[in-house]
Structure formats: C-alpha cells, structure tokens
Amino acid sequence: MGNKAIVTGCVSLLFLLSIGDIIARQAVEDGLSGPQQQEVADKAFLRIIYIFDQQADKEKELIVVTDTMALDIGQHWSVYYDWNKERRDSISGEENRRLVPMLKSVNVLKDPDNEMLTRFENRNLKPSFIYDRKGEDACIFKNRTENEIVTIDKGPGTGEKRSYLRLKEEIPPMDWQISEDTLSVMGYVCYKATTSFRGREYFVWFSPEVPVNDGPWKLYGLPGAILSAKTEDGLFRFHAIGIEQLKEASIGFPSDRDYEEAKNLKQVNDYRRSKLKDISVSYMENGTMTMLRKRNPVTYHDLELNE
C-alpha cells in the first residue's frame, strides 16, 4: 500500500517518551503552563462577543465553520481574538496528558489509504483529532489613533525555536457609505454602512449607542461600534451576541517568545494555509495509539484577497 508504519518494539519506551514530551511541549505552547507574558499596550473598558461564521468546502460540499470571537476595546488599542481558545486548549491538554500513562506503543502512518481508515471505522473506534484546526490562533491588534493594525499568529518552530509571526500594517479607516436603514441588534439601534476592503464588499450595522469607533477583525471607522457585518458573497459573517463592561482587563502583546516579522499579507495567508493543509487522526486501542497523517478535507477561503 506504500504506507510505512513506525512499529514500536525495543524503541517503544523512547518513542513514548518523545510523544509525552510533544504533548507537554504543546501544552506550554498553548499557554497551559500559566498566564501568558504580556507587554501591556492599553487598558480595556469594553468587550464585545461575536459569532464569526465562515463558509468552507469539504469534499465538494459547503459547510459553515463557526467561532466565538471577542473584541476588547481600550482608549487607543483593541484586540480581536478567539474567546474560547484558552478553554478549548485546556480541555485538549488535559485529554492528551491523560493518554500518556495508558500508552504502550505507537504506530505512525502517513497518507493512509481509504481501506486503512475504513478498518478503524468498522471497529467502532472513536478518533481524536490532533493538530486539527482548533479555533483561531491569530490575534488582531488595532491602534485606532495611529491607524495601525498588528496581526500576531503562532509562528513556525517548536521548543526553544518557537516564535510568533507578526504583520504590521498602516490601514486608515475604510471609506464608508452610511444609509438611513436601521436594524436592532441586541436591542441597540444600528445603521447600515457599506464599504470595499481588500477585494470584498462589506455590509455592516453600527450603533451610535455604543460610542466607540471599532468593530470585529480589521473593520473600524464609524461613529459607533460595528455589531453586525457580512461580505456581499455571504462567505463571512460577524454578529455580536454580547457586550460587557470591563474593569481590570488589559490589552497586551505576547512577550514569551521571539517575533518573526512578516514581509506582507501574502506571507501571512500562505502560512495560515500551510497550517490548515494536513490533520492528524489518532485511534487508541488496547494501549496502542495509531496516528494517521492525512490531507485536510476542508478548504478555507481567504478573507483578504489583496493588500
């Protein structure tokens, strides 16, 4: 079949130790070892929670991937990030650590054929996905007074060589066209506005009743918070589901590892696609873990088509 398995025998102990080390290191890289070091840029006084839907293609079928995102807003800076990621990583880390004492041997298969996958499915084994997409890694920092947007993502490298990939951009407020159409979002009166940004048309609803010039992702520049937004083609949608006042929250850049400066948006998009290209599926049976590395069946669209 052309698949090569690493079948553990005398080397099983060493291999298990390496698996345990990988799991432990992954926990550290996911921020599970303690609070993340930060370089504070601003104090946040408001948080808006959004549902972010994006359409993707899975084996020629349309699916919708949903994330819960948060926008923490300060006097000058804001940060847009995955609100559930810390909780999700914590649960995943605990599950991984639970598996280590149970392991007796590990088999690794790359590019398994359909027959191999069917054999596992027919034995009613429940797979767990390792290094599959688990929410959004990137954070978007926005300095509204300086028209600066900083994207920070977990970069290449592991262990001591791990880094963040950082892209700094000067992006002035979008050229918005405001209409008299109104809509209620969470009880707030919102007005409609439209703009073009990096290859896509956006329809948004903003509320002067929330008097901050900010919005989800990279969107901003209106006399009120953007509470709902979608692209004209319907591929992407942001919709606010909650607003809360903050008292002791800070907006800070992670400082626990070095930064690799991205040259342009294309480098960031290419890196994002490379992270989503493959997934690892693991099956556990009688102390033996079989890890199958295969192509990700889901294809994601780029939110930004040009700079």
# chains A, B, ... in the order shown; residues from 1 in each chain; ligands from 1
>>> residues_around(residues="Phe206 (chain A)", least_positions_apart="2", cutoff="8 Å", atoms="only C-alpha atoms", output="PyMOL selection string")
chain A and resi 190-193+204+208+222-228
>>> residues_around(residues="Gly74 (chain A)", least_positions_apart="3", cutoff="12 Å", atoms="only C-alpha atoms", output="number ranges by chain")
A: 40-48, 71, 77-80, 141-145, 212-214, 245-252
>>> closest_residue(among="A:Ile49, A:Val108, A:Cys139, A:Val64", to="Tyr81 (chain A)", atoms="only C-alpha atoms")
A:Cys139
>>> select_by_dssp(residues="region 203-291 of chain A", states="strand (DSSP E or B)", output="PyMOL selection string")
chain A and resi 203-207+225-231+236-254+258-261+278-285+288-291
>>> residues_around(residues="Gly135 (chain A)", least_positions_apart="6", cutoff="7 Å", atoms="only C-alpha atoms", output="PyMOL selection string")
chain A and resi 67+82+85
>>> write_last_selection(atoms="N, CA, C and O atoms", output="short mmCIF file (atom, residue, chain, number, x, y, z; two decimals), in the first residue's frame")
data_model
loop_
_atom_site.label_atom_id
_atom_site.label_comp_id
_atom_site.auth_asym_id
_atom_site.auth_seq_id
_atom_site.Cartn_x
_atom_site.Cartn_y
_atom_site.Cartn_z
N ASP A 67 -16.86 30.24 14.90
CA ASP A 67 -16.00 30.53 16.04
C ASP A 67 -16.65 31.63 16.87
O ASP A 67 -17.39 32.47 16.34
N ASP A 82 -9.88 34.79 19.59
CA ASP A 82 -10.77 33.66 19.81
C ASP A 82 -11.11 33.57 21.29
O ASP A 82 -10.25 33.27 22.12
N LYS A 85 -10.66 29.90 22.84
CA LYS A 85 -9.45 29.11 22.58
C LYS A 85 -8.76 28.64 23.86
O LYS A 85 -8.34 27.48 23.95
#
>>> residues_around(residues="region 168-183 of chain A", least_positions_apart="2", cutoff="7 Å", atoms="only C-alpha atoms", output="list in words")
Asn147, Glu148, Ile149, Val150, Thr151, Arg166, Val185, Val189, Cys190, Tyr191, Lys192, Ala193, Thr194, Thr195, Tyr220 and Gly221 of chain A
>>> atom_distance(atom1="CA of Glu244 (chain A)", atom2="CA of Lys230 (chain A)")
22.7 Å
>>> atom_distance(atom1="CA of Glu201 (chain A)", atom2="CA of Leu219 (chain A)")
11.9 Å
>>> closest_residue(among="A:Tyr283, A:Tyr50, A:Gln267, A:Leu276", to="Val298 (chain A)", atoms="only C-alpha atoms")
A:Leu276
>>> residues_around(residues="Gly234 (chain A)", least_positions_apart="3", cutoff="10 Å", atoms="only C-alpha atoms", output="list in words")
Asp53, Gln54, Gln55, Glu201, Tyr202, Lys230, Thr231 and Arg237 of chain A
>>> residues_around(residues="Tyr188 (chain A)", least_positions_apart="4", cutoff="7 Å", atoms="only C-alpha atoms", output="list in words")
Ser184, Ser207 and Glu209 of chain A
>>> write_last_selection(atoms="N, CA and C atoms", output="mmCIF file, in the first residue's frame")
data_model
loop_
_atom_site.group_PDB
_atom_site.id
_atom_site.type_symbol
_atom_site.label_atom_id
_atom_site.label_comp_id
_atom_site.auth_asym_id
_atom_site.auth_seq_id
_atom_site.Cartn_x
_atom_site.Cartn_y
_atom_site.Cartn_z
ATOM 1 N N SER A 184 -32.198 46.480 14.609
ATOM 2 C CA SER A 184 -31.929 46.301 16.026
ATOM 3 C C SER A 184 -31.044 45.070 16.225
ATOM 4 N N SER A 207 -23.813 50.913 15.736
ATOM 5 C CA SER A 207 -24.713 51.583 16.677
ATOM 6 C C SER A 207 -24.027 52.756 17.365
ATOM 7 N N GLU A 209 -25.209 54.110 19.786
ATOM 8 C CA GLU A 209 -25.499 53.896 21.203
ATOM 9 C C GLU A 209 -24.333 53.208 21.917
#
